[in-house]
Amino acid sequence: MLGPPGAGKGTQAQRLAQTYGVPKISTGDILRDAAAQETPLGLEVRHRIDQGHLVSDEVAIEIVRERLTRQDVSKGFILDGFPRTVGQAEALGTMMAGRGALVVLHMVVPAEVLVGRLHSRRICSVCGANADPSAPEATRCGQCGGELVQRTDDGESVVRNRLQVYDQRTRPLVAYYRSSPTFFEIDGNQVPDRVNEAMQAAIGQTLGATEESRS
Ligand code: AMP
């Protein structure tokens with residue numbers, strides 16, 4: 001899942017994980033959990049997230065490498081927020097050896113829409129789920145009833161920073177993956193159901209091609 005902050009990666013990753021019965025691996029969620037701990041690494045991670053900077057490639061790659069050693073990824077997995085740099089993409093390429101196709105879904109959303117979405121976004125302070133954007137008045141999480149809060153990195157100046165970091169560090173991945181036969185451009189500026197359909201069509205196309213080459 002490739003796209004700028006606010007493109008809807010987390011929401012769509014959650015839905016795809018449910019549809020295909022595979023785990024969603026969100027480096028942002030894992031790092032926010034680490035940041036909640038008062039360890040030296042946790043404090044460093046919290047500082048970087050709150051400034052809108054990326055954590056080091058070493059830390060991000062190690063999180064994913066470790067997560068991919070678990071049994072539940074054997075049928076596949078959805079990556080949300082990884083890779084975010086060319087170094088991470090190269091490491092992922094190595095980790096994918098023998099695992100089947102890597103489908104890259106590039107979510108395209110105009111910058112002004114992203115800023116609006118990030119300012120109004122709320123997440124659950126208990127389970128971390130994204131609040132339903134179609135119910136802006138809600139104060140409690142639809143999944144667990146926890147209080148809805150703004151993410152500490154969704155304030156105006158940090159959002160500007162994150163979008164800049166995306167342009168500098170992550171956008172080059174579009175060129176990195178574009179020539180791959182399993183790279184798909186998805187219009188993320190549509191209602192979530194339409195975005196989801198486009199993603200499932202892209203994944204279906206890849207799975208179909210894989211089945212064909214096997215038979
Ligand atoms: P996200 O929830 O994906 O928007 O990630 C929130 C924050 O976690 C980012 O702004 C980064 O500080 C950090 N982060 C998440 N994933 C990565 C990654 N793959 N590489 C480096 N930093 C990351």
# chains A, B, ... in the order shown; residues from 1 in each chain; ligands from 1
call {"tool": "residues_near_ligand", "arguments": {"ligand": "ligand 1", "cutoff": "8 Å", "atoms": "only C-alpha atoms and all ligand atoms", "output": "PyMOL selection string"}}
result
chain A and resi 5-6+10+26-29+31-32+45+48-57+59-61+80-85+88+153+162
call {"tool": "write_last_selection", "arguments": {"atoms": "N, CA, C and O atoms", "output": "short mmCIF file (atom, residue, chain, number, x, y, z; two decimals), in the first residue's frame"}}
result
data_model
loop_
_atom_site.label_atom_id
_atom_site.label_comp_id
_atom_site.auth_asym_id
_atom_site.auth_seq_id
_atom_site.Cartn_x
_atom_site.Cartn_y
_atom_site.Cartn_z
N PRO A 5 0.40 10.33 3.49
CA PRO A 5 -0.43 10.32 4.71
C PRO A 5 -1.81 10.86 4.36
O PRO A 5 -1.93 11.85 3.64
N GLY A 6 -2.84 10.17 4.85
CA GLY A 6 -4.22 10.62 4.60
C GLY A 6 -4.82 10.04 3.33
O GLY A 6 -5.98 10.30 3.01
N GLY A 10 -4.53 2.96 5.75
CA GLY A 10 -4.89 2.19 6.94
C GLY A 10 -6.29 1.60 6.82
O GLY A 10 -6.51 0.41 7.08
N SER A 26 0.98 -2.99 9.94
CA SER A 26 1.14 -1.54 9.86
C SER A 26 2.34 -1.13 10.71
O SER A 26 2.31 -1.25 11.94
N THR A 27 3.40 -0.66 10.04
CA THR A 27 4.58 -0.25 10.82
C THR A 27 4.22 0.95 11.71
O THR A 27 4.75 1.07 12.80
N GLY A 28 3.31 1.81 11.25
CA GLY A 28 2.88 2.95 12.07
C GLY A 28 2.24 2.47 13.38
O GLY A 28 2.56 2.97 14.46
N ASP A 29 1.34 1.48 13.28
CA ASP A 29 0.68 0.95 14.50
C ASP A 29 1.72 0.33 15.44
O ASP A 29 1.68 0.55 16.66
N LEU A 31 4.89 0.96 15.61
CA LEU A 31 5.75 2.01 16.19
C LEU A 31 5.01 2.83 17.24
O LEU A 31 5.60 3.23 18.25
N ARG A 32 3.70 3.08 17.01
CA ARG A 32 2.94 3.82 18.04
C ARG A 32 2.87 3.01 19.34
O ARG A 32 2.95 3.57 20.43
N VAL A 45 11.40 6.83 19.31
CA VAL A 45 10.38 6.63 18.28
C VAL A 45 9.28 7.68 18.43
O VAL A 45 8.84 8.29 17.45
N ARG A 48 10.34 11.00 17.03
CA ARG A 48 10.37 11.05 15.56
C ARG A 48 8.96 11.10 14.99
O ARG A 48 8.69 11.87 14.06
N ILE A 49 8.05 10.30 15.53
CA ILE A 49 6.66 10.32 15.04
C ILE A 49 6.06 11.71 15.27
O ILE A 49 5.45 12.29 14.36
N ASP A 50 6.26 12.27 16.46
CA ASP A 50 5.63 13.55 16.79
C ASP A 50 6.18 14.70 15.96
O ASP A 50 5.52 15.73 15.79
N GLN A 51 7.40 14.54 15.43
CA GLN A 51 7.97 15.58 14.57
C GLN A 51 7.59 15.35 13.10
O GLN A 51 7.90 16.18 12.25
N GLY A 52 7.02 14.19 12.81
CA GLY A 52 6.69 13.87 11.42
C GLY A 52 7.86 13.31 10.64
O GLY A 52 7.81 13.23 9.41
N HIS A 53 8.93 12.91 11.34
CA HIS A 53 10.08 12.31 10.66
C HIS A 53 9.92 10.80 10.62
O HIS A 53 9.21 10.22 11.44
N LEU A 54 10.66 10.17 9.71
CA LEU A 54 10.65 8.70 9.67
C LEU A 54 11.58 8.16 10.75
O LEU A 54 12.56 8.82 11.10
N VAL A 55 11.31 6.96 11.23
CA VAL A 55 12.31 6.27 12.06
C VAL A 55 13.35 5.70 11.08
O VAL A 55 13.16 5.71 9.87
N SER A 56 14.46 5.23 11.60
CA SER A 56 15.54 4.77 10.72
C SER A 56 15.10 3.53 9.92
O SER A 56 14.24 2.77 10.35
N ASP A 57 15.73 3.37 8.76
CA ASP A 57 15.45 2.18 7.95
C ASP A 57 15.71 0.92 8.77
O ASP A 57 14.96 -0.06 8.68
N VAL A 59 15.41 0.28 11.93
CA VAL A 59 14.30 -0.05 12.86
C VAL A 59 13.08 -0.53 12.07
O VAL A 59 12.49 -1.58 12.39
N ALA A 60 12.70 0.19 11.01
CA ALA A 60 11.50 -0.18 10.25
C ALA A 60 11.67 -1.56 9.61
O ALA A 60 10.76 -2.40 9.66
N ILE A 61 12.84 -1.82 9.03
CA ILE A 61 13.08 -3.10 8.36
C ILE A 61 13.05 -4.25 9.37
O ILE A 61 12.47 -5.30 9.14
N ASP A 80 0.98 -1.94 5.38
CA ASP A 80 0.46 -0.57 5.44
C ASP A 80 1.56 0.33 6.02
O ASP A 80 1.92 0.19 7.18
N GLY A 81 2.12 1.20 5.18
CA GLY A 81 3.13 2.14 5.68
C GLY A 81 4.56 1.63 5.55
O GLY A 81 5.48 2.23 6.10
N PHE A 82 4.74 0.57 4.85
CA PHE A 82 6.07 0.00 4.58
C PHE A 82 6.03 -0.61 3.19
O PHE A 82 5.07 -1.31 2.87
N PRO A 83 7.02 -0.39 2.34
CA PRO A 83 8.23 0.41 2.56
C PRO A 83 7.95 1.91 2.37
O PRO A 83 7.02 2.29 1.70
N ARG A 84 8.81 2.73 2.97
CA ARG A 84 8.67 4.18 2.84
C ARG A 84 9.93 4.82 2.27
O ARG A 84 9.95 6.04 2.09
N THR A 85 10.96 4.04 2.03
CA THR A 85 12.19 4.56 1.41
C THR A 85 12.69 3.50 0.43
O THR A 85 12.28 2.32 0.50
N GLN A 88 14.22 0.61 2.23
CA GLN A 88 13.24 -0.34 2.76
C GLN A 88 12.68 -1.21 1.63
O GLN A 88 12.43 -2.41 1.82
N ASP A 153 0.41 13.34 15.60
CA ASP A 153 1.13 13.86 14.43
C ASP A 153 0.19 14.38 13.35
O ASP A 153 0.61 14.59 12.22
N ARG A 162 5.14 15.91 7.34
CA ARG A 162 4.95 14.53 6.88
C ARG A 162 4.75 14.49 5.36
O ARG A 162 5.23 13.58 4.69
#
call {"tool": "select_by_dssp", "arguments": {"residues": "range 92-211 of chain A", "states": "strand (DSSP E or B)", "output": "NGL selection string"}}
result
:A and (104-108 or 123-124 or 130 or 140 or 147-149 or 183-187)
call {"tool": "write_last_selection", "arguments": {"atoms": "C-alpha atoms", "output": "tab-separated table (two decimals), in the first residue's frame"}}
result
chain	number	residue	atom	x	y	z
A	104	VAL	CA	1.90	-2.52	-5.17
A	105	LEU	CA	-1.22	-0.36	-4.86
A	106	HIS	CA	-0.31	3.29	-5.34
A	107	MET	CA	-3.10	5.48	-3.93
A	108	VAL	CA	-3.38	8.83	-5.69
A	123	ILE	CA	-8.47	7.58	15.96
A	124	CYS	CA	-9.49	5.45	18.93
A	130	ASN	CA	-9.51	4.96	12.45
A	140	ARG	CA	-16.59	7.02	20.77
A	147	GLU	CA	-12.60	7.72	23.24
A	148	LEU	CA	-11.78	9.20	19.81
A	149	VAL	CA	-8.78	11.56	19.75
A	183	PHE	CA	2.08	-2.13	-9.87
A	184	PHE	CA	-1.38	-0.52	-9.92
A	185	GLU	CA	-2.43	3.10	-9.69
A	186	ILE	CA	-5.61	3.47	-7.60
A	187	ASP	CA	-7.73	6.64	-7.52
call {"tool": "select_by_dssp", "arguments": {"residues": "chain A", "states": "alpha helix (DSSP H)", "output": "MDAnalysis selection string"}}
result
chainID A and resid 9:20 27:35 40:51 57:67 86:95 111:120 156:165 172:178 192:214
call {"tool": "residues_around", "arguments": {"residues": "range 95-97 of chain A", "least_positions_apart": "6", "cutoff": "12 Å", "atoms": "only C-alpha atoms", "output": "ChimeraX atom specification"}}
result
/A:61-62,64-69,73-74,76-77,83,88-89,103
call {"tool": "write_last_selection", "arguments": {"atoms": "N, CA and C atoms", "output": "compact mmCIF listing (two decimals), in the first residue's frame"}}
result
# COMPACT_ATOMS: atom_id res chain seq x y z
N ILE A 61 12.84 -1.82 9.03
CA ILE A 61 13.08 -3.10 8.36
C ILE A 61 13.05 -4.25 9.37
N GLU A 62 13.65 -4.02 10.54
CA GLU A 62 13.69 -5.07 11.56
C GLU A 62 12.29 -5.43 12.04
N VAL A 64 9.51 -5.31 10.30
CA VAL A 64 8.82 -6.12 9.30
C VAL A 64 9.47 -7.50 9.19
N ARG A 65 10.80 -7.53 9.22
CA ARG A 65 11.50 -8.82 9.13
C ARG A 65 11.04 -9.76 10.25
N GLU A 66 10.95 -9.19 11.45
CA GLU A 66 10.55 -9.99 12.61
C GLU A 66 9.09 -10.44 12.47
N ARG A 67 8.23 -9.51 12.00
CA ARG A 67 6.80 -9.83 11.87
C ARG A 67 6.57 -10.94 10.84
N LEU A 68 7.41 -10.95 9.81
CA LEU A 68 7.22 -11.94 8.74
C LEU A 68 7.73 -13.33 9.12
N THR A 69 8.30 -13.46 10.32
CA THR A 69 8.69 -14.80 10.76
C THR A 69 7.51 -15.55 11.38
N VAL A 73 1.47 -15.27 8.35
CA VAL A 73 1.68 -14.59 7.06
C VAL A 73 1.84 -15.59 5.91
N SER A 74 1.66 -16.88 6.22
CA SER A 74 1.99 -17.89 5.19
C SER A 74 1.10 -17.76 3.95
N GLY A 76 -0.20 -14.88 2.93
CA GLY A 76 -0.10 -13.51 2.43
C GLY A 76 -0.29 -12.50 3.56
N PHE A 77 -0.14 -11.24 3.23
CA PHE A 77 -0.26 -10.18 4.25
C PHE A 77 -0.43 -8.85 3.52
N PRO A 83 7.02 -0.39 2.34
CA PRO A 83 8.23 0.41 2.56
C PRO A 83 7.95 1.91 2.37
N GLN A 88 14.22 0.61 2.23
CA GLN A 88 13.24 -0.34 2.76
C GLN A 88 12.68 -1.21 1.63
N ALA A 89 12.47 -0.61 0.45
CA ALA A 89 11.93 -1.38 -0.68
C ALA A 89 12.93 -2.47 -1.09
N VAL A 103 2.17 -7.15 -4.73
CA VAL A 103 1.25 -6.26 -5.43
C VAL A 103 1.41 -4.86 -4.83
call {"tool": "residues_around", "arguments": {"residues": "Glu137 in chain A", "least_positions_apart": "3", "cutoff": "12 Å", "atoms": "only C-alpha atoms", "output": "list in words"}}
result
Ser120, Arg121, Arg122, Ala131, Asp132, Pro133, Ser134, Arg140, Cys141 and Leu148 of chain A
call {"tool": "atom_distance", "arguments": {"atom1": "CA of Glu197 in chain A", "atom2": "CA of Gly116 in chain A"}}
result
23.7 Å
call {"tool": "atom_distance", "arguments": {"atom1": "CA of Arg160 in chain A", "atom2": "CA of Arg117 in chain A"}}
result
12.9 Å
call {"tool": "closest_residue", "arguments": {"among": "A:Ile30, A:Val158, A:Leu114, A:Ala209", "to": "Gly188 in chain A", "atoms": "only C-alpha atoms"}}
result
A:Leu114
call {"tool": "closest_residue", "arguments": {"among": "A:Leu173, A:Ala202, A:Ala17, A:Ala7", "to": "Glu90 in chain A", "atoms": "only C-alpha atoms"}}
result
A:Leu173
call {"tool": "atom_distance", "arguments": {"atom1": "CA of Gly21 in chain A", "atom2": "CA of Gly87 in chain A"}}
result
29.0 Å
call {"tool": "closest_residue", "arguments": {"among": "A:Ile25, A:Val126, A:Ala35, A:Ile78", "to": "Leu102 in chain A", "atoms": "only C-alpha atoms"}}
result
A:Ile78
